[in-house]
$ cat target_19.tsv   # TSV, C-alpha atoms and all ligand atoms
chain	number	residue	atom	x	y	z
A	38	SER	CA	-28.95	-38.72	10.21
A	39	LYS	CA	-29.08	-37.44	6.67
A	40	SER	CA	-29.90	-33.83	7.58
A	41	LYS	CA	-26.82	-33.64	9.81
A	42	TRP	CA	-24.54	-34.52	6.94
A	43	SER	CA	-26.25	-32.10	4.61
A	44	ILE	CA	-25.81	-29.28	7.15
A	45	LEU	CA	-22.15	-30.12	7.57
A	46	GLY	CA	-21.67	-30.49	3.84
A	47	ALA	CA	-23.24	-27.10	3.20
A	48	TRP	CA	-21.04	-25.59	5.90
A	49	VAL	CA	-17.85	-26.97	4.38
A	50	VAL	CA	-18.80	-25.76	0.91
A	51	CYS	CA	-19.71	-22.29	2.21
A	52	TYR	CA	-16.48	-22.11	4.14
A	53	GLN	CA	-14.45	-23.12	1.16
A	54	GLN	CA	-16.18	-20.59	-1.07
A	55	THR	CA	-15.57	-17.86	1.46
A	56	TYR	CA	-12.06	-18.57	2.69
A	57	HIS	CA	-10.88	-20.91	-0.08
A	58	PHE	CA	-9.34	-23.25	2.44
A	59	PRO	CA	-10.74	-25.35	5.26
A	60	PHE	CA	-7.45	-27.04	6.21
A	61	VAL	CA	-6.33	-24.41	8.72
A	62	LEU	CA	-6.21	-25.68	12.30
A	63	PRO	CA	-8.78	-23.27	13.86
A	64	ASN	CA	-11.27	-24.31	11.20
A	65	CYS	CA	-10.77	-27.97	12.10
A	66	VAL	CA	-11.49	-27.16	15.75
A	67	GLU	CA	-14.55	-25.18	14.73
A	68	PHE	CA	-15.71	-28.05	12.57
A	69	LEU	CA	-15.33	-30.61	15.37
A	70	PHE	CA	-17.25	-28.28	17.65
A	71	LEU	CA	-20.05	-28.10	15.08
A	72	LEU	CA	-19.99	-31.88	14.81
A	73	PHE	CA	-20.23	-32.08	18.59
A	74	LEU	CA	-23.29	-29.80	18.60
A	75	LEU	CA	-24.98	-31.78	15.83
A	76	ARG	CA	-24.22	-35.19	17.32
A	77	GLY	CA	-27.87	-36.04	17.97
A	78	GLN	CA	-28.59	-39.79	18.10
A	79	ASN	CA	-24.97	-40.86	17.71
A	80	ARG	CA	-24.37	-41.09	21.45
A	81	LEU	CA	-20.72	-42.03	21.48
A	82	PRO	CA	-19.09	-41.25	18.17
A	83	LEU	CA	-15.42	-42.19	18.17
A	84	TRP	CA	-13.04	-39.27	17.59
A	85	ILE	CA	-11.48	-41.30	14.79
A	86	ARG	CA	-14.89	-41.53	13.11
A	87	GLU	CA	-15.30	-37.77	13.46
A	88	ILE	CA	-11.95	-37.03	11.88
A	89	TRP	CA	-12.61	-39.58	9.16
A	90	ALA	CA	-15.99	-37.96	8.46
A	91	TYR	CA	-14.26	-34.60	8.31
A	92	MET	CA	-11.65	-35.80	5.84
A	93	ARG	CA	-14.32	-37.44	3.70
A	94	LEU	CA	-16.31	-34.22	3.61
A	95	LEU	CA	-13.24	-32.24	2.70
A	96	ALA	CA	-12.49	-34.57	-0.19
A	97	LYS	CA	-16.10	-34.37	-1.37
A	98	SER	CA	-16.24	-30.61	-1.04
A	99	LEU	CA	-13.19	-30.31	-3.31
A	100	TYR	CA	-15.15	-32.00	-6.11
A	101	PHE	CA	-18.22	-29.95	-5.21
A	102	ASN	CA	-16.50	-26.70	-6.11
A	103	SER	CA	-16.33	-26.21	-9.87
A	104	LEU	CA	-14.39	-22.94	-9.44
A	105	THR	CA	-11.25	-24.65	-8.11
A	106	ASP	CA	-8.13	-23.94	-10.18
A	107	SER	CA	-4.39	-23.45	-9.65
A	108	ASP	CA	-4.92	-19.93	-8.25
A	109	VAL	CA	-7.35	-21.18	-5.61
A	110	VAL	CA	-4.88	-23.92	-4.63
A	111	PHE	CA	-2.04	-21.36	-4.44
A	112	ASP	CA	-4.15	-18.99	-2.33
A	113	SER	CA	-5.20	-21.90	-0.14
A	114	VAL	CA	-1.69	-23.17	0.53
A	115	PHE	CA	-0.46	-19.67	1.43
A	116	GLU	CA	-3.60	-18.68	3.38
A	117	PRO	CA	-1.88	-19.20	6.78
A	118	VAL	CA	1.06	-17.02	5.63
A	119	PHE	CA	-1.31	-14.26	4.45
A	120	LEU	CA	-3.27	-14.41	7.72
A	121	THR	CA	-0.04	-14.13	9.74
A	122	VAL	CA	1.18	-11.15	7.68
A	123	ASP	CA	-2.23	-9.45	8.10
A	124	TYR	CA	-2.17	-10.10	11.84
A	125	VAL	CA	1.38	-8.76	12.29
A	126	THR	CA	0.65	-5.70	10.13
A	127	ARG	CA	-2.50	-4.91	12.13
A	128	TRP	CA	-0.61	-5.38	15.40
A	129	PHE	CA	2.31	-3.18	14.32
A	130	GLY	CA	-0.09	-0.53	12.93
A	131	LEU	CA	1.15	2.60	14.62
A	132	VAL	CA	4.75	1.36	15.11
A	133	PHE	CA	5.54	2.03	11.43
A	134	VAL	CA	3.89	5.46	11.59
A	135	TYR	CA	5.97	6.42	14.65
A	136	LEU	CA	9.06	5.14	12.83
A	137	VAL	CA	8.39	7.42	9.83
A	138	VAL	CA	7.74	10.43	12.09
A	139	ILE	CA	10.79	9.81	14.32
A	140	LEU	CA	13.24	9.19	11.45
A	141	THR	CA	11.99	12.20	9.45
A	142	SER	CA	12.13	14.43	12.54
A	143	SER	CA	15.70	13.29	13.28
A	144	ILE	CA	16.81	14.29	9.77
A	145	VAL	CA	15.04	17.65	10.02
A	146	GLY	CA	16.61	18.20	13.46
A	147	ILE	CA	20.10	17.51	12.10
A	148	ALA	CA	19.43	19.81	9.14
A	149	TYR	CA	18.52	22.69	11.48
A	150	VAL	CA	21.13	22.15	14.19
A	151	VAL	CA	24.12	20.99	12.13
A	152	LEU	CA	23.66	21.95	8.48
A	153	LEU	CA	21.91	25.34	8.70
A	154	PRO	CA	24.75	27.02	10.69
A	155	LEU	CA	27.29	25.58	8.21
A	156	ILE	CA	25.27	26.88	5.24
A	157	LEU	CA	24.85	30.34	6.79
A	158	ASN	CA	28.59	30.59	7.53
A	159	THR	CA	30.08	29.27	4.30
A	160	TYR	CA	27.64	29.75	1.40
A	161	SER	CA	26.99	32.83	-0.75
A	162	PRO	CA	23.60	34.64	-0.33
A	163	PRO	CA	21.99	33.12	-3.48
A	164	TRP	CA	22.87	29.61	-2.33
A	165	ILE	CA	21.60	30.36	1.18
A	166	ALA	CA	18.31	31.58	-0.33
A	167	TRP	CA	18.02	28.43	-2.49
A	168	HIS	CA	18.65	26.03	0.42
A	169	VAL	CA	16.29	27.86	2.79
A	170	CYS	CA	13.47	28.13	0.21
A	171	TYR	CA	13.77	24.67	-1.35
A	172	GLY	CA	14.30	22.92	1.98
A	173	HIS	CA	11.24	24.45	3.61
A	174	TRP	CA	9.00	23.97	0.57
A	175	ASN	CA	9.99	20.29	0.39
A	176	LEU	CA	9.48	19.82	4.13
A	177	ILE	CA	5.99	21.37	4.00
A	178	MET	CA	5.03	19.15	1.02
A	179	ILE	CA	6.22	16.00	2.84
A	180	ALA	CA	4.42	16.84	6.09
A	181	PHE	CA	1.17	17.90	4.37
A	182	HIS	CA	0.93	14.84	2.12
A	183	TYR	CA	1.89	12.39	4.83
A	184	TYR	CA	-0.71	13.82	7.21
A	185	LYS	CA	-3.40	13.78	4.50
A	186	ALA	CA	-2.50	10.29	3.22
A	187	ALA	CA	-2.67	8.78	6.72
A	188	ASN	CA	-5.78	10.67	7.85
A	189	THR	CA	-7.96	10.65	4.71
A	190	SER	CA	-10.37	7.74	4.45
A	191	PRO	CA	-9.61	5.79	1.24
A	192	GLY	CA	-13.38	5.54	0.55
A	193	TYR	CA	-15.76	2.67	1.21
A	194	PRO	CA	-18.67	1.36	-0.89
A	195	PRO	CA	-22.15	1.93	0.63
A	196	THR	CA	-23.32	-0.96	2.80
A	197	GLU	CA	-27.03	-0.41	2.13
A	198	LYS	CA	-28.89	-0.88	-1.17
A	199	HIS	CA	-27.99	1.61	-3.91
A	200	ASP	CA	-28.54	2.09	-7.64
A	201	GLY	CA	-24.87	2.49	-8.64
A	202	PRO	CA	-23.34	-0.01	-11.05
A	203	VAL	CA	-21.75	-3.02	-9.37
A	204	VAL	CA	-19.58	-5.74	-10.87
A	205	SER	CA	-19.51	-8.42	-8.15
A	206	VAL	CA	-20.23	-9.20	-4.51
A	207	CYS	CA	-17.58	-9.18	-1.78
A	208	LYS	CA	-17.44	-12.68	-0.32
A	209	LYS	CA	-16.29	-11.39	3.07
A	210	CYS	CA	-18.44	-8.25	3.52
A	211	ILE	CA	-21.42	-9.73	1.61
A	212	ILE	CA	-22.06	-6.36	-0.10
A	213	PRO	CA	-22.09	-5.39	-3.80
A	214	LYS	CA	-18.72	-4.26	-5.13
A	215	PRO	CA	-18.45	-1.37	-7.65
A	216	ALA	CA	-15.77	-1.56	-10.36
A	217	ARG	CA	-12.16	-1.21	-9.08
A	218	THR	CA	-13.23	-1.92	-5.48
A	219	HIS	CA	-11.31	-4.62	-3.60
A	220	HIS	CA	-11.42	-6.12	-0.13
A	221	CYS	CA	-8.58	-5.32	2.29
A	222	GLY	CA	-7.83	-8.16	4.70
A	223	ILE	CA	-6.09	-5.82	7.16
A	224	CYS	CA	-8.82	-3.15	7.27
A	225	ASN	CA	-11.42	-5.93	7.05
A	226	ARG	CA	-13.58	-4.01	4.61
A	227	CYS	CA	-13.95	-3.12	0.97
A	228	ILE	CA	-11.96	-0.13	-0.36
A	229	LEU	CA	-12.92	2.01	-3.38
A	230	LYS	CA	-10.30	1.86	-6.17
A	231	MET	CA	-7.99	0.05	-3.77
A	232	ASP	CA	-4.28	0.27	-4.57
A	233	HIS	CA	-2.70	-1.46	-1.56
A	234	HIS	CA	-2.63	-1.41	2.24
A	235	CYS	CA	0.27	0.75	3.36
A	236	PRO	CA	1.74	-0.12	6.79
A	237	TRP	CA	3.82	3.12	6.77
A	238	LEU	CA	0.54	5.09	6.71
A	239	ASN	CA	-1.41	2.55	8.80
A	240	ASN	CA	-4.12	3.14	6.19
A	241	CYS	CA	-5.34	1.70	2.93
A	242	VAL	CA	-4.44	3.57	-0.24
A	243	GLY	CA	-7.66	3.97	-2.22
A	244	HIS	CA	-9.69	6.40	-4.32
A	245	PHE	CA	-9.65	9.37	-1.92
A	246	ASN	CA	-6.02	9.26	-0.73
A	247	HIS	CA	-4.16	7.81	-3.70
A	248	ARG	CA	-2.87	11.24	-4.79
A	249	TYR	CA	-1.70	12.10	-1.26
A	250	PHE	CA	0.14	8.78	-1.08
A	251	PHE	CA	1.90	9.29	-4.41
A	252	SER	CA	2.78	12.92	-3.67
A	253	PHE	CA	4.18	11.90	-0.30
A	254	CYS	CA	6.39	9.25	-1.95
A	255	LEU	CA	7.51	11.73	-4.60
A	256	PHE	CA	8.38	14.58	-2.22
A	257	MET	CA	9.99	12.25	0.31
A	258	THR	CA	12.21	10.90	-2.49
A	259	LEU	CA	13.04	14.43	-3.63
A	260	GLY	CA	13.85	15.44	-0.05
A	261	CYS	CA	16.13	12.42	0.42
A	262	VAL	CA	17.90	13.01	-2.89
A	263	TYR	CA	18.29	16.70	-1.99
A	264	CYS	CA	19.85	15.85	1.41
A	265	SER	CA	22.00	13.15	-0.13
A	266	ILE	CA	23.40	15.36	-2.91
A	267	SER	CA	23.86	18.57	-0.93
A	268	GLY	CA	25.41	16.66	2.01
A	269	ARG	CA	27.79	14.59	-0.12
A	270	ASN	CA	30.95	16.64	0.54
A	271	LEU	CA	30.13	17.05	4.22
A	272	PHE	CA	29.68	13.28	4.44
A	273	LEU	CA	33.07	12.58	2.84
A	274	ASP	CA	34.79	15.05	5.20
A	275	ALA	CA	32.99	13.58	8.21
A	276	TYR	CA	33.80	10.05	7.13
A	277	ASN	CA	37.50	10.81	6.74
A	278	ALA	CA	37.50	12.62	10.09
A	279	LEU	CA	35.76	9.69	11.79
A	280	GLU	CA	38.51	7.35	10.65
A	281	THR	CA	41.09	9.49	12.50
A	282	HIS	CA	39.02	9.45	15.76
A	283	TYR	CA	40.70	6.24	16.86
A	284	GLN	CA	44.28	7.14	15.91
A	285	THR	CA	47.05	7.75	18.42
A	286	PRO	CA	47.71	10.51	19.18
A	287	ALA	CA	44.02	11.47	19.03
A	288	PRO	CA	43.33	14.36	16.60
A	289	PRO	CA	42.13	17.62	18.17
A	290	TYR	CA	38.39	16.98	17.72
A	291	THR	CA	36.07	18.04	20.54
A	292	PHE	CA	33.04	15.97	21.61
A	293	LYS	CA	30.84	18.37	19.68
A	294	ASP	CA	32.87	17.83	16.49
A	295	LYS	CA	32.54	14.08	16.83
A	296	MET	CA	28.77	14.31	17.31
A	297	ILE	CA	28.52	16.52	14.22
A	298	HIS	CA	30.53	13.99	12.19
A	299	LYS	CA	28.39	11.10	13.35
A	300	SER	CA	25.09	12.86	12.72
A	301	ILE	CA	26.19	13.87	9.20
A	302	ILE	CA	27.12	10.25	8.43
A	303	TYR	CA	23.80	9.01	9.89
A	304	MET	CA	21.88	11.54	7.81
A	305	TRP	CA	23.70	10.77	4.56
A	306	VAL	CA	23.40	6.98	4.89
A	307	LEU	CA	19.70	7.13	5.84
A	308	THR	CA	18.65	9.63	3.17
A	309	SER	CA	20.64	7.84	0.44
A	310	THR	CA	19.14	4.45	1.30
A	311	VAL	CA	15.58	5.76	1.57
A	312	GLY	CA	16.08	7.88	-1.56
A	313	VAL	CA	17.03	4.84	-3.66
A	314	ALA	CA	14.38	2.46	-2.23
A	315	LEU	CA	11.52	4.97	-2.20
A	316	GLY	CA	12.64	6.34	-5.56
A	317	ALA	CA	12.21	2.91	-7.15
A	318	LEU	CA	8.74	2.55	-5.56
A	319	THR	CA	7.71	6.04	-6.70
A	320	PHE	CA	8.92	5.32	-10.24
A	321	TRP	CA	6.89	2.08	-10.32
A	322	HIS	CA	3.75	3.89	-9.12
A	323	ALA	CA	4.33	6.59	-11.74
A	324	VAL	CA	4.41	3.87	-14.43
A	325	LEU	CA	1.13	2.43	-13.09
A	326	ILE	CA	-0.55	5.86	-13.01
A	327	SER	CA	0.56	6.52	-16.60
A	328	ARG	CA	-1.17	3.28	-17.60
A	329	GLY	CA	-4.33	4.05	-15.60
A	330	GLU	CA	-3.85	1.03	-13.35
A	331	THR	CA	-3.77	0.44	-9.61
A	332	SER	CA	-1.29	-2.04	-8.09
A	333	ILE	CA	-4.06	-4.64	-7.83
A	334	GLU	CA	-5.25	-4.03	-11.39
A	335	ARG	CA	-1.67	-4.56	-12.60
A	336	HIS	CA	-2.01	-8.25	-11.66
A	337	ILE	CA	-5.57	-8.57	-12.96
A	338	ASN	CA	-4.73	-6.82	-16.25
A	339	SER	CA	-1.59	-8.84	-16.97
A	340	LYS	CA	-3.54	-12.05	-16.33
A	341	GLU	CA	-6.35	-10.81	-18.57
A	342	THR	CA	-3.86	-9.83	-21.31
A	343	LYS	CA	-2.46	-13.38	-21.33
A	344	ARG	CA	-5.94	-14.91	-21.32
A	345	MET	CA	-7.08	-12.76	-24.27
A	346	ALA	CA	-3.83	-13.43	-26.15
A	347	LYS	CA	-4.71	-17.14	-26.14
A	348	TRP	CA	-7.85	-16.22	-28.07
A	349	GLY	CA	-5.83	-14.01	-30.39
A	350	LYS	CA	-7.33	-10.82	-28.94
A	351	VAL	CA	-5.76	-7.70	-27.46
A	352	TYR	CA	-6.85	-6.70	-23.96
A	353	ARG	CA	-7.51	-3.00	-23.46
A	354	ASN	CA	-7.67	-1.52	-19.96
A	355	PRO	CA	-11.02	0.40	-19.82
A	356	PHE	CA	-9.64	2.90	-17.25
A	357	ASN	CA	-6.71	3.98	-19.42
A	358	TYR	CA	-7.61	7.37	-20.95
A	359	SER	CA	-4.16	7.93	-22.53
A	360	ARG	CA	-1.04	8.89	-20.58
A	361	LEU	CA	-1.51	12.65	-20.17
A	362	ASN	CA	-5.22	12.31	-19.33
A	363	ASN	CA	-4.44	9.66	-16.73
A	364	TRP	CA	-2.11	12.11	-15.00
A	365	LYS	CA	-4.57	15.02	-15.26
A	366	ILE	CA	-7.33	12.89	-13.76
A	367	PHE	CA	-5.05	11.52	-11.06
A	368	LEU	CA	-3.71	14.93	-10.02
A	369	GLY	CA	-7.03	16.75	-10.51
A	370	VAL	CA	-5.58	19.19	-13.07
A	371	GLU	CA	-8.53	20.87	-14.80
A	372	LYS	CA	-6.81	24.02	-16.09
A	373	ARG	CA	-3.24	25.15	-16.70
A	374	SER	CA	-2.79	27.00	-13.39
A	375	HIS	CA	-3.65	23.79	-11.50
A	376	TRP	CA	-0.20	22.37	-12.34
A	377	VAL	CA	1.14	24.95	-9.86
A	378	THR	CA	-1.69	25.33	-7.36
A	379	ARG	CA	-2.74	21.66	-7.17
A	380	VAL	CA	0.54	19.86	-7.85
A	381	LEU	CA	3.44	22.03	-6.66
A	382	LEU	CA	1.59	23.52	-3.68
A	383	PRO	CA	-0.30	21.71	-0.90
A	384	SER	CA	-3.88	21.22	-2.09
A	385	ALA	CA	-6.77	19.32	-0.50
A	386	HIS	CA	-9.00	19.15	-3.62
A	387	PRO	CA	-11.04	15.94	-3.90
A	388	PRO	CA	-10.21	13.41	-6.65
A	389	HIS	CA	-12.05	13.14	-9.97
A	390	GLY	CA	-15.30	11.15	-9.53
A	391	ASP	CA	-16.91	9.45	-6.54
A	392	GLY	CA	-15.05	6.12	-6.78
A	393	LEU	CA	-18.33	4.25	-7.35
A	394	THR	CA	-19.12	4.93	-11.01
A	395	TRP	CA	-16.49	4.80	-13.73
A	396	ALA	CA	-17.32	6.34	-17.08
A	397	VAL	CA	-15.46	4.49	-19.80
A	398	PHE	CA	-14.29	6.90	-22.49
A	399	PRO	CA	-12.75	6.16	-25.88
A	400	VAL	CA	-9.00	5.98	-25.41
A	401	LYS	CA	-8.10	8.86	-27.74
A	402	LYS	CA	-10.55	11.43	-26.38
A	403	ASP	CA	-9.03	14.37	-24.49
A	404	LEU	CA	-11.05	14.40	-21.28
A	405	ILE	CA	-9.83	17.69	-19.92
A	406	PRO	CA	-8.67	20.04	-22.68
A	407	VAL	CA	-5.61	21.84	-21.29
B	501	ZN	ZN	-15.15	-6.68	1.34
B	502	ZN	ZN	-6.32	-1.81	4.29
$ encode --input "target_19.tsv" --output "structure tokens"
Amino acid sequence: SKSKWSILGAWVVCYQQTYHFPFVLPNCVEFLFLLFLLRGQNRLPLWIREIWAYMRLLAKSLYFNSLTDSDVVFDSVFEPVFLTVDYVTRWFGLVFVYLVVILTSSIVGIAYVVLLPLILNTYSPPWIAWHVCYGHWNLIMIAFHYYKAANTSPGYPPTEKHDGPVVSVCKKCIIPKPARTHHCGICNRCILKMDHHCPWLNNCVGHFNHRYFFSFCLFMTLGCVYCSISGRNLFLDAYNALETHYQTPAPPYTFKDKMIHKSIIYMWVLTSTVGVALGALTFWHAVLISRGETSIERHINSKETKRMAKWGKVYRNPFNYSRLNNWKIFLGVEKRSHWVTRVLLPSAHPPHGDGLTWAVFPVKKDLIPV
């Protein structure tokens, strides 16, 4: 039955083009099921013959695909790992969000219950004013940007026909992809100017919430560094006191004192750790924004740079409008006062552009004269 083999062959090739890799167990089961459906005249095909036919088709399909290279092989070998990570991330979804909310709330709770009375009792009025003002401003910025980053849709390309410029077709959604759009395996759809999928937000970071994501990281880092620095002496006192808790005779600390010591230590360790880790991440994203790249484009551009270098050419990122312009576009700063109203205060202004069309300007041109 020649037509049977051609159907199966076409199926294997399609599958390989779509998912890169037909060697995953569920696909084998699916394939055998297809073979079973298409059995036709072959009344009693031996299971060995079926598996042999499958292996032969796999081998043939590998030659069939002219696009195969080391990257496809790498993706193929790690496909099961990627699928597992996607599955776990999707399953955990809200767990990470609850974790962020609970940990942040615990720090804020300690700040109000333990630190605020200490500040009010021991500090001079100017220092009290500084801590109250800065602390609340930082807290509002964190809460606003986290809420907006998690609840703003990153932006999706239109699924119906449109006239906008497209650069390729998504193999999974089977829809045209505008420039900078990428497919997210966890969201299972294409994302405009996709940066990455963030499990801490349970949302993709794309065109419409990239600024909220970055601002959240920045203000969370600032908040952690602020807690870590201003609580340093309290931490050292609490740490020394904690060491005497277990001495004999026991020092005259009440239960309340011990709880205060422990919560100060918890707060300092958590904020210092998060401050360093998130600080590094924020710094890296700041470098990317300065270059006019997303996290995904970082990989594409470095590969492209190497490829062009082989031909003796210099690759130039078409979305890099020079450092200051990249920041103005990213933050939506269109006039001088926006540095305060749109950057240092909570602002829900939409990003520059619609995420579908990307005007490519000469690198030197000042897009927004400020
Ligand atoms: Zn897609
Ligand atoms: Zn996603």
$ closest_atom_pairs --input "target_19.tsv" --of "chain A" --to "ligand ZN 502 (chain B)" --cutoff "10 Å" --atoms "all atoms listed in the file" --output "Markdown table"
| residue | atom | partner | partner_atom | distance |
| --- | --- | --- | --- | --- |
| A:Asp123 | CA | B:ZN502 | ZN | 9.5 |
| A:Thr126 | CA | B:ZN502 | ZN | 9.9 |
| A:Arg127 | CA | B:ZN502 | ZN | 9.3 |
| A:Pro191 | CA | B:ZN502 | ZN | 8.8 |
| A:His219 | CA | B:ZN502 | ZN | 9.7 |
| A:His220 | CA | B:ZN502 | ZN | 8.0 |
| A:Cys221 | CA | B:ZN502 | ZN | 4.6 |
| A:Gly222 | CA | B:ZN502 | ZN | 6.5 |
| A:Ile223 | CA | B:ZN502 | ZN | 4.9 |
| A:Cys224 | CA | B:ZN502 | ZN | 4.1 |
| A:Asn225 | CA | B:ZN502 | ZN | 7.1 |
| A:Arg226 | CA | B:ZN502 | ZN | 7.6 |
| A:Cys227 | CA | B:ZN502 | ZN | 8.4 |
| A:Ile228 | CA | B:ZN502 | ZN | 7.5 |
| A:Met231 | CA | B:ZN502 | ZN | 8.4 |
| A:Asp232 | CA | B:ZN502 | ZN | 9.3 |
| A:His233 | CA | B:ZN502 | ZN | 6.9 |
| A:His234 | CA | B:ZN502 | ZN | 4.2 |
| A:Cys235 | CA | B:ZN502 | ZN | 7.1 |
| A:Pro236 | CA | B:ZN502 | ZN | 8.6 |
| A:Asn239 | CA | B:ZN502 | ZN | 8.0 |
| A:Asn240 | CA | B:ZN502 | ZN | 5.7 |
| A:Cys241 | CA | B:ZN502 | ZN | 3.9 |
| A:Val242 | CA | B:ZN502 | ZN | 7.3 |
| A:Gly243 | CA | B:ZN502 | ZN | 8.8 |
$ atom_distance --input "target_19.tsv" --atom1 "atom CA of Asn362 of chain A" --atom2 "atom CA of Thr189 of chain A"
24.3 Å
$ closest_residue --input "target_19.tsv" --among "A:Ala216, A:Val262, A:Leu382, A:Leu273" --to "Ala396 of chain A" --atoms "all atoms listed in the file"
A:Ala216
$ atom_distance --input "target_19.tsv" --atom1 "atom CA of His298 of chain A" --atom2 "atom CA of Val138 of chain A"
23.1 Å
$ closest_residue --input "target_19.tsv" --among "A:Leu95, A:Ile337, A:Ile211, A:Ile266" --to "ligand ZN 501 (chain B)" --atoms "all atoms listed in the file"
A:Ile211
$ closest_residue --input "target_19.tsv" --among "A:Thr121, A:Ser190, A:Asn175, A:Ser205" --to "ligand ZN 501 (chain B)" --atoms "all atoms listed in the file"
A:Ser205
$ atom_distance --input "target_19.tsv" --atom1 "atom CA of Thr258 of chain A" --atom2 "atom CA of Val313 of chain A"
7.8 Å
$ residues_around --input "target_19.tsv" --residues "Leu368 of chain A" --least-positions-apart "3" --cutoff "7 Å" --atoms "only C-alpha atoms" --output "list of chain:residue names"
A:Arg248, A:Trp364, A:Lys365, A:Val380
$ closest_residue --input "target_19.tsv" --among "A:Pro388, A:Pro162, A:Gly316, A:Pro194" --to "ligand ZN 501 (chain B)" --atoms "only C-alpha atoms and all ligand atoms"
A:Pro194
$ axis_aligned_box --input "target_19.tsv" --around "segment 141-154 of chain A" --padding-each-side "4 Å" --output "JSON"
{"center_x": 18.4, "center_y": 19.6, "center_z": 11.3, "size_x": 20.8, "size_y": 22.8, "size_z": 13.7}
$ closest_residue --input "target_19.tsv" --among "A:Val114, A:Leu229, A:Leu94, A:Ala166" --to "ligand ZN 501 (chain B)" --atoms "all atoms listed in the file"
A:Leu229
$ residues_near_point --input "target_19.tsv" --point "(-28.0, 1.3, -4.0)" --cutoff "12 Å" --atoms "all atoms listed in the file" --output "ChimeraX atom specification"
/A:194-203,212-215,393-394
$ closest_residue --input "target_19.tsv" --among "A:Phe245, A:Phe272, A:Tyr193, A:Trp174" --to "ligand ZN 501 (chain B)" --atoms "all atoms listed in the file"
A:Tyr193
$ residues_around --input "target_19.tsv" --residues "Val151 of chain A" --least-positions-apart "4" --cutoff "7 Å" --atoms "only C-alpha atoms" --output "MDAnalysis selection string"
chainID A and resid 147 155 297
$ residues_around --input "target_19.tsv" --residues "Phe251 of chain A" --least-positions-apart "5" --cutoff "9 Å" --atoms "only C-alpha atoms" --output "list in words"
His182, Ala186, Asn246, Phe256, Thr319, His322 and Ala323 of chain A
